[in-house]
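Notes follow once the structure below has been shown.
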Protein chains: 4
Amino acid sequence: MQRKIRMGMVGGGQGAFIGAVHRMAAALDGFIELVCGAFSSDPERSRASGRDLLLDERRVYGTYREMFEVERSLPESERMDFVAIVTPNDVHFEPAKLALEAGFPVMCDKPLCLNLEEAKTLASVVEKTGLAFGLTHNYSGYPMVKEARARVREGALGKVRRVVVEYPQGWLATRLESTGQKQAGWRTDPKRAGASCCVGDIGTHAAHLSEYVTGLHIEEVACELTTFVDGRPLDDDASMLLRFEDGARGVLWASQIAIDEENDLNIRVYGEKGSLEWHQEEPNSLVLKWPDRPRERVRSGANYAGLTPEALGATRLPAGHPEGFIEGFANLYRSFASSLLDGTTPDCPTVQDGVRGMAFIEAAVASSKADARWTRVSP
Amino acid sequence: MQRKIRMGMVGGGQGAFIGAVHRMAAALDGFIELVCGAFSSDPERSRASGRDLLLDERRVYGTYREMFEVERSLPESERMDFVAIVTPNDVHFEPAKLALEAGFPVMCDKPLCLNLEEAKTLASVVEKTGLAFGLTHNYSGYPMVKEARARVREGALGKVRRVVVEYPQGWLATRLESTGQKQAGWRTDPKRAGASCCVGDIGTHAAHLSEYVTGLHIEEVACELTTFVDGRPLDDDASMLLRFEDGARGVLWASQIAIDEENDLNIRVYGEKGSLEWHQEEPNSLVLKWPDRPRERVRSGANYAGLTPEALGATRLPAGHPEGFIEGFANLYRSFASSLLDGTTPDCPTVQDGVRGMAFIEAAVASSKADARWTRVSP
Amino acid sequence: MQRKIRMGMVGGGQGAFIGAVHRMAAALDGFIELVCGAFSSDPERSRASGRDLLLDERRVYGTYREMFEVERSLPESERMDFVAIVTPNDVHFEPAKLALEAGFPVMCDKPLCLNLEEAKTLASVVEKTGLAFGLTHNYSGYPMVKEARARVREGALGKVRRVVVEYPQGWLATRLESTGQKQAGWRTDPKRAGASCCVGDIGTHAAHLSEYVTGLHIEEVACELTTFVDGRPLDDDASMLLRFEDGARGVLWASQIAIDEENDLNIRVYGEKGSLEWHQEEPNSLVLKWPDRPRERVRSGANYAGLTPEALGATRLPAGHPEGFIEGFANLYRSFASSLLDGTTPDCPTVQDGVRGMAFIEAAVASSKADARWTRVSP
Amino acid sequence: MQRKIRMGMVGGGQGAFIGAVHRMAAALDGFIELVCGAFSSDPERSRASGRDLLLDERRVYGTYREMFEVERSLPESERMDFVAIVTPNDVHFEPAKLALEAGFPVMCDKPLCLNLEEAKTLASVVEKTGLAFGLTHNYSGYPMVKEARARVREGALGKVRRVVVEYPQGWLATRLESTGQKQAGWRTDPKRAGASCCVGDIGTHAAHLSEYVTGLHIEEVACELTTFVDGRPLDDDASMLLRFEDGARGVLWASQIAIDEENDLNIRVYGEKGSLEWHQEEPNSLVLKWPDRPRERVRSGANYAGLTPEALGATRLPAGHPEGFIEGFANLYRSFASSLLDGTTPDCPTVQDGVRGMAFIEAAVASSKADARWTRVSP
């Protein structure tokens, strides 16, 4: 990097989970500096958050509109270089659109928006402005996910036949939203989360991961959404059959009621020549399976023999020194920030991935309403 | 036991896999003795097999019909007490029916028959004769499967919500049947295997396991069968959504093309109060998951504190001394043989489980033909 | 086999653990038949055990002396072919010696005797009589242990540098012997167990395994024995440094007070070119480690590509069908029994291994008394 | 924090491994800012490194002496608050002493110095100056290590009996130092590394971890150091028996020639009432073992029920979101930096731990020279 990149943030005030993750991910490599923010819809809370973060109080804003306006007017050497949007789903579209229109590249949490229509509009704004737009499908930032993708792409597994992807969690096994827990509150509220809770929150991660690793698009889903917890207006569990391009078949299961599953996103891909398996909770290993020789455990690590360049570029430590969630997340930020200086294409999910994600959610919801009928994913 | 139980065998000649398993399972505890057999449809091969097994050559028969006739005429103190049928699927119905009609209890390999109609006929013969009939859904013989079932039954998990059951294998990832491999030959041949290869062979095990552990019946399936290997007339992969009684939902995936998966039957059950997980390839551990305390690893073992009587009765060794496939299988045989002497109900799958299995296969095939439409399992 | 081999048993009456294991191991393959026994020093208990085992009551003996005398006088076609000795350590030497002198080959539980002197005497009797003698260091019967040994022998790991072998258990973490538990009683009693509890019971297994896998003898030990449980006259924990032939170095830790360790014998061997790792509680996997390519998981299984003949000959099932403790144990019996008919050398630990084991125990005890001074193992 | 803490760095120039780790660990939480450095003994290299790190070139120094002098003269609001020393072992003592004498608190990489004498001198300087001094035995920063320590301290395991601690690596299995690899060069050079390679580099981590978790000091060691790679002047493997205070016994094995072991520091502690196990390569799980109930897996995570405050304070993410090496390392930095502002005692290893570490190295070397004689650790 020739200089530090300056980041502004929308959302992520005191008590928020994902905002803190974005900040740590951005800070890790020492090349991105948080310079300003509108951390909460409550201006007082925003200011308190800014103080916690040791920001210059003049750059802690009451609203994102204000932030975009003021920052825009600052000298180029001072003003933020991009904005990170880390709010609930219903506050993605507007700040993202306004930021782009004000000339700021955007790093946005997923899912992209509240619905497919918003998503398409946003994609057209991105296209029109020509600005960088990143979406934090952060699991694609893990070195071993990149290794998996590279192996599939280079043909090591042959033609892909079967995908099994899961994302079980248990945190919504009871009616947590009725206790006032903030994240549970908005995730289960259709107005703030959109048409789905489980698919929107984690199903899209699973779908993105499966497409990222295999390089194949999901074309159709036959889905059953379930709400196991009484009184919850959205789904808390989703199981579906998938049809990928080119004849590959998939199973996707995501759940928020799977007691004591923490964050067990995992994927298995079976091809004509070999198979692979990866688990987010043990992210530094990738298992390769072969028909005629022993199963192999490939490991993340800067010194690990035989890693693909894609994986090597995403690891910071020697093998055996665990890199985790923040490091994977940081890879998206590092690549995104670099691209702002050198104009390269960042290795980071795009607004188009976000549009696909919204189409996936809508197809899943529609299929479930039609008693699991095969339904096209139409981004 | 007051005396040794005498077993006759249909099938299981030289080179057969499952026949040898049945014999080891029967022999393990020292209470069952193989006394006769019709080991092959080729009388010469049958005799050679009998010699290998050190049987009296007068009790090695050319056909099972002959065996039933001759054995029936022997003095009670000599003749076989029951017959084990370990042939391909198309040679289950007739020998089982004949054996029962000749007065011999039957232990039969799964799936029960070639189709649901045969299965129902056989069930009526069992009922008419009043003889014992066991079906080797052997995975239910594992101590930790019994522990899982007991825990669910006693309510430790609360109401069951979600089941995920898988049975991946990779042995049919290429067209093995064209190399002359015997088992591949008949499993992929509709005339010998029935309407399905993958569901018939292993999907039924997965379905049975899920019903055994949860105590719930599968009511409907939405299934996609796939044949990934060109030129194969039957499915080699099956994915399906399940609806159990009482609102529980399931995913079942079975595959024979999942390269380097060996025999990885596994099940996860999620309830309102807790979860459990079991893997056949590490059969002596059962994982229990709780919302508010650490995950527990329960272990098989005669000295293991807190095991349910169901599991304790199925384990022969102290914890840490691995018991495997044969030992689990042997539990079915031990219970079946005991019941012949003391008239108790054996702890062993029944002809009714077999009928359910055939109905499950037919529903899966029908659903797949109807583009994964929800289809009732109607035994 | 041309005929069934007839086995007699010394010890293993009602309530005994290891006697039942020997019987199941012998029965598994259908080639060995238990025909007689002196199951207990209490004749009534012996008879009751014989009844449980469905033996002809004329061949259930009150003492082993009687058994050897009577069996010897039976016609060759009836009398036992060999005797299995499954008593506590203090009742190995005499029955073994007498059996050999009466012309009966012997399969004996480990450790061989009460002390090195007895062991050497017994070895000379074996030599004099020229009869087969097997010692159940049963862990060497596991397929993956044989695979490990074969890999080391063929040079895959290069020159061996470092061995780490452990055998932790927790069953003696409290003073179990004071509750009347039978095995705890004699294991902790110097008169019945010999000079060591922990080394004698499990340390010898660990030492044998390390020598079996590496093909190297342990030459010197620096050992600290500890008795953690008050009032126990023998050690319940042993840690030692090892010097093998040819410069290899080892660490051996065995313990009976390691709470919730069940039977976790495990070994790691590090050579100049690669490493290996094996765990008894997951016996069907062998991990191979390389400097320049991914770690491999080799699996037991009759159909597993690339297994050495040594491992293939010791597996009965396809990969993924777990084989366990009894199956590994049974490999010793199968090989021993075969050798009685065809005169081949059985693939089974010998009386010389037993002598080495006793020398190992004595060296460990002597070293510990001398404050862990390096002490030669002198069989 | 009231303000950002300013860090200077000695060492860690281009190509160094551990310097980059220190920087990421310091940066992660956004409260520490790298403001200056003397990154290399080669001033040109130091400047190039400073440019890479986007530092003001006036604060990139040619030598640490210069840095201390210049920084000292800067206004308080600008000058560095503390210095991180991340050089090879032979360049710890002097810069640490000078920094302290110039009034700068120090965070120093381990082992503390080249020998015990230097270490004691340094400790007295720390005492004299009264300044904060941290030592990066970073593994004590992991949440589950803190959980382990808290559980032992609260008596959950009862009196500690047996410790097994290992630190296997394989990176020095060949003569890597002869290829020009920088770290291998100095680690195997007695002038730069001190009296030991393996014990100094990783054995001290293992020893510190065992003392940290158990709360017990190692009093005596019986050690065998080995040099397996020809021509290497220092040990590359160490095995030892340990005697802790209060009767606990230990085994420690550390190795740099264990092929394909990456960084597998691990510890097991066995007490009178329970046991625990932790592995650095899967740092977010802690296994607890009990005599009478199932083994438990405790997990790191901000939302994990029942965690001790010590662990909770060291975790940044919900359970299932892996935290790794950098996060654990960062806990030391966060605590150290906080303490500079608020005067609290940091939760970070101290100079006294460093003195103990040097005494441990010297005892291990002396014991090995005396043929593994028990040797006192005398800090």
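Residue numbering restarts at 1 in every chain; chains get A, B, ... in the order shown in the structure tokens, and ligands count up from 1 in that same order.
By chain and then residue number, the residues within 12 Å of Arg293 (chain B) are Ile259 and Asp260 of chain A; Lys273, Gly274 and Leu288 of chain B; Arg295, Glu296, Arg297, Val298, Arg299, Asn303, Tyr304, Ala305, Gly306 and Leu307 of chain D, counting only C-alpha atoms and disregarding those fewer than 5 positions away in sequence.
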Problem set entry | Those of region 27-143 of chain D in DSSP alpha helix (DSSP H), formatted as a VMD selection string | chain D and resid 27 43 to 52 64 to 73 93 to 101 116 to 129 143
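The shortest atom-to-atom distance to Ala25 (chain A), with only C-alpha atoms taken into account, belongs to A:Ala84 out of A:Leu131, A:Ala366, A:Val287, A:Ala84.
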Exercise. Counting only C-alpha atoms, which of A:Gly19, A:Gly231, A:Pro318, A:Gly155 gets nearest to Thr136 (chain A)?
Worked result: A:Gly19
Residues of chain C within 9 Å of chain B: nearest atom pair and distance (Å, one decimal) for each, counting only C-alpha atoms, sorted by chain and number, as a tab-separated table?
```
residue	atom	partner	partner_atom	distance
C:Met1	CA	B:Asp52	CA	7.3
C:Gln2	CA	B:Leu54	CA	7.1
C:Arg3	CA	B:Leu54	CA	6.2
C:Lys4	CA	B:Leu54	CA	7.2
C:Phe17	CA	B:Leu317	CA	7.8
C:Ala20	CA	B:Arg316	CA	8.8
C:Val21	CA	B:Leu317	CA	8.0
C:Arg23	CA	B:Gly30	CA	7.9
C:Met24	CA	B:Leu28	CA	5.3
C:Ala25	CA	B:Leu28	CA	7.6
C:Ala26	CA	B:Leu28	CA	8.5
C:Ala27	CA	B:Leu28	CA	5.6
C:Leu28	CA	B:Leu28	CA	4.7
C:Asp29	CA	B:Met24	CA	5.9
C:Gly30	CA	B:Ala27	CA	6.3
C:Phe31	CA	B:Leu53	CA	8.1
C:Glu33	CA	B:Gly30	CA	8.7
C:Leu34	CA	B:Gly30	CA	8.7
C:Arg51	CA	B:Gln2	CA	8.6
C:Asp52	CA	B:Met1	CA	7.3
C:Leu53	CA	B:Gly30	CA	7.7
C:Leu54	CA	B:Arg3	CA	6.1
C:Glu261	CA	B:Gly320	CA	8.0
C:Glu262	CA	B:Gly320	CA	4.7
C:Asn263	CA	B:Gly320	CA	4.7
C:Asp264	CA	B:Gly320	CA	6.8
C:Gln280	CA	B:His321	CA	8.0
C:Glu281	CA	B:Gly320	CA	5.8
C:Glu282	CA	B:Glu282	CA	7.4
C:Pro283	CA	B:Pro322	CA	7.9
C:Arg316	CA	B:Val21	CA	8.6
C:Leu317	CA	B:Phe17	CA	7.8
C:Pro318	CA	B:Glu262	CA	8.2
C:Ala319	CA	B:Glu262	CA	5.9
C:Gly320	CA	B:Asn263	CA	4.7
C:His321	CA	B:Phe325	CA	5.6
C:Pro322	CA	B:Gly324	CA	4.7
C:Glu323	CA	B:Gly324	CA	5.0
C:Gly324	CA	B:Pro322	CA	4.7
C:Phe325	CA	B:Pro322	CA	5.3
C:Ile326	CA	B:Glu323	CA	7.4
C:Glu327	CA	B:Gly324	CA	8.7
```
Problem set entry | Expected answer as a VMD selection string: strand (DSSP E or B) residues in region 25-81 of chain D | chain D and resid 32 to 38 60
Selection above as a file: N, CA and C atoms, as a compact mmCIF listing (two decimals), in the first residue's frame:
```
# COMPACT_ATOMS: atom_id res chain seq x y z
N ILE D 32 -4.00 0.33 19.65
CA ILE D 32 -2.54 0.49 19.66
C ILE D 32 -2.11 0.89 18.25
N GLU D 33 -1.23 1.85 18.19
CA GLU D 33 -0.79 2.37 16.91
C GLU D 33 0.72 2.24 16.82
N LEU D 34 1.19 1.64 15.76
CA LEU D 34 2.64 1.59 15.54
C LEU D 34 3.09 2.96 15.06
N VAL D 35 4.01 3.59 15.80
CA VAL D 35 4.42 4.94 15.40
C VAL D 35 5.89 5.03 15.01
N CYS D 36 6.68 4.06 15.41
CA CYS D 36 8.10 4.15 15.08
C CYS D 36 8.75 2.78 15.18
N GLY D 37 9.98 2.68 14.68
CA GLY D 37 10.67 1.40 14.78
C GLY D 37 12.11 1.47 14.34
N ALA D 38 12.88 0.51 14.88
CA ALA D 38 14.22 0.23 14.37
C ALA D 38 14.14 -1.22 13.96
N VAL D 60 11.51 6.26 11.57
CA VAL D 60 12.10 4.95 11.28
C VAL D 60 13.60 5.11 11.53
```
Exercise. If you count only C-alpha atoms, which residues fall within 12 Å of Ala193 (chain A), apart from same-chain ones fewer than 6 positions away, as a ChimeraX atom specification?
Worked result: /A:87-92,110-115,183-187,199-202,233-235,358,361
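Residues surrounding Arg153 (chain D) within 8 Å are Arg149, Ala150, Ala156, Thr214 and Gly215 of chain D [only C-alpha atoms; sequence separation below 3 positions excluded].
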Let me see the file: selected residues, N, CA and C atoms, as a PDB file, in the first residue's frame.
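New file selection14.pdb:
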```
ATOM      1  N   ARG D 149      -6.924 -22.774  33.228  1.00  0.00           N
ATOM      2  CA  ARG D 149      -6.286 -22.287  34.451  1.00  0.00           C
ATOM      3  C   ARG D 149      -7.329 -21.994  35.533  1.00  0.00           C
ATOM      4  N   ALA D 150      -8.423 -21.351  35.117  1.00  0.00           N
ATOM      5  CA  ALA D 150      -9.458 -21.001  36.090  1.00  0.00           C
ATOM      6  C   ALA D 150     -10.100 -22.250  36.685  1.00  0.00           C
ATOM      7  N   ALA D 156     -11.762 -27.649  40.304  1.00  0.00           N
ATOM      8  CA  ALA D 156     -12.623 -28.598  39.591  1.00  0.00           C
ATOM      9  C   ALA D 156     -11.936 -29.941  39.367  1.00  0.00           C
ATOM     10  N   THR D 214      -1.575 -25.112  35.532  1.00  0.00           N
ATOM     11  CA  THR D 214      -1.689 -25.817  36.819  1.00  0.00           C
ATOM     12  C   THR D 214      -1.503 -24.892  38.007  1.00  0.00           C
ATOM     13  N   GLY D 215      -0.860 -23.755  37.802  1.00  0.00           N
ATOM     14  CA  GLY D 215      -0.521 -22.910  38.944  1.00  0.00           C
ATOM     15  C   GLY D 215       0.607 -23.482  39.785  1.00  0.00           C
TER      16      GLY D 215
END
```
Exercise. CA of Glu44 (chain C) and CA of Glu57 (chain C), how far apart in Å?
Worked result: 11.8 Å
Exercise. If we count only C-alpha atoms, what is near Val221 (chain D) at a cut-off of 12 Å, once residues fewer than 5 positions away on the same chain are taken out, given as a count of residues only?
Worked result: 36
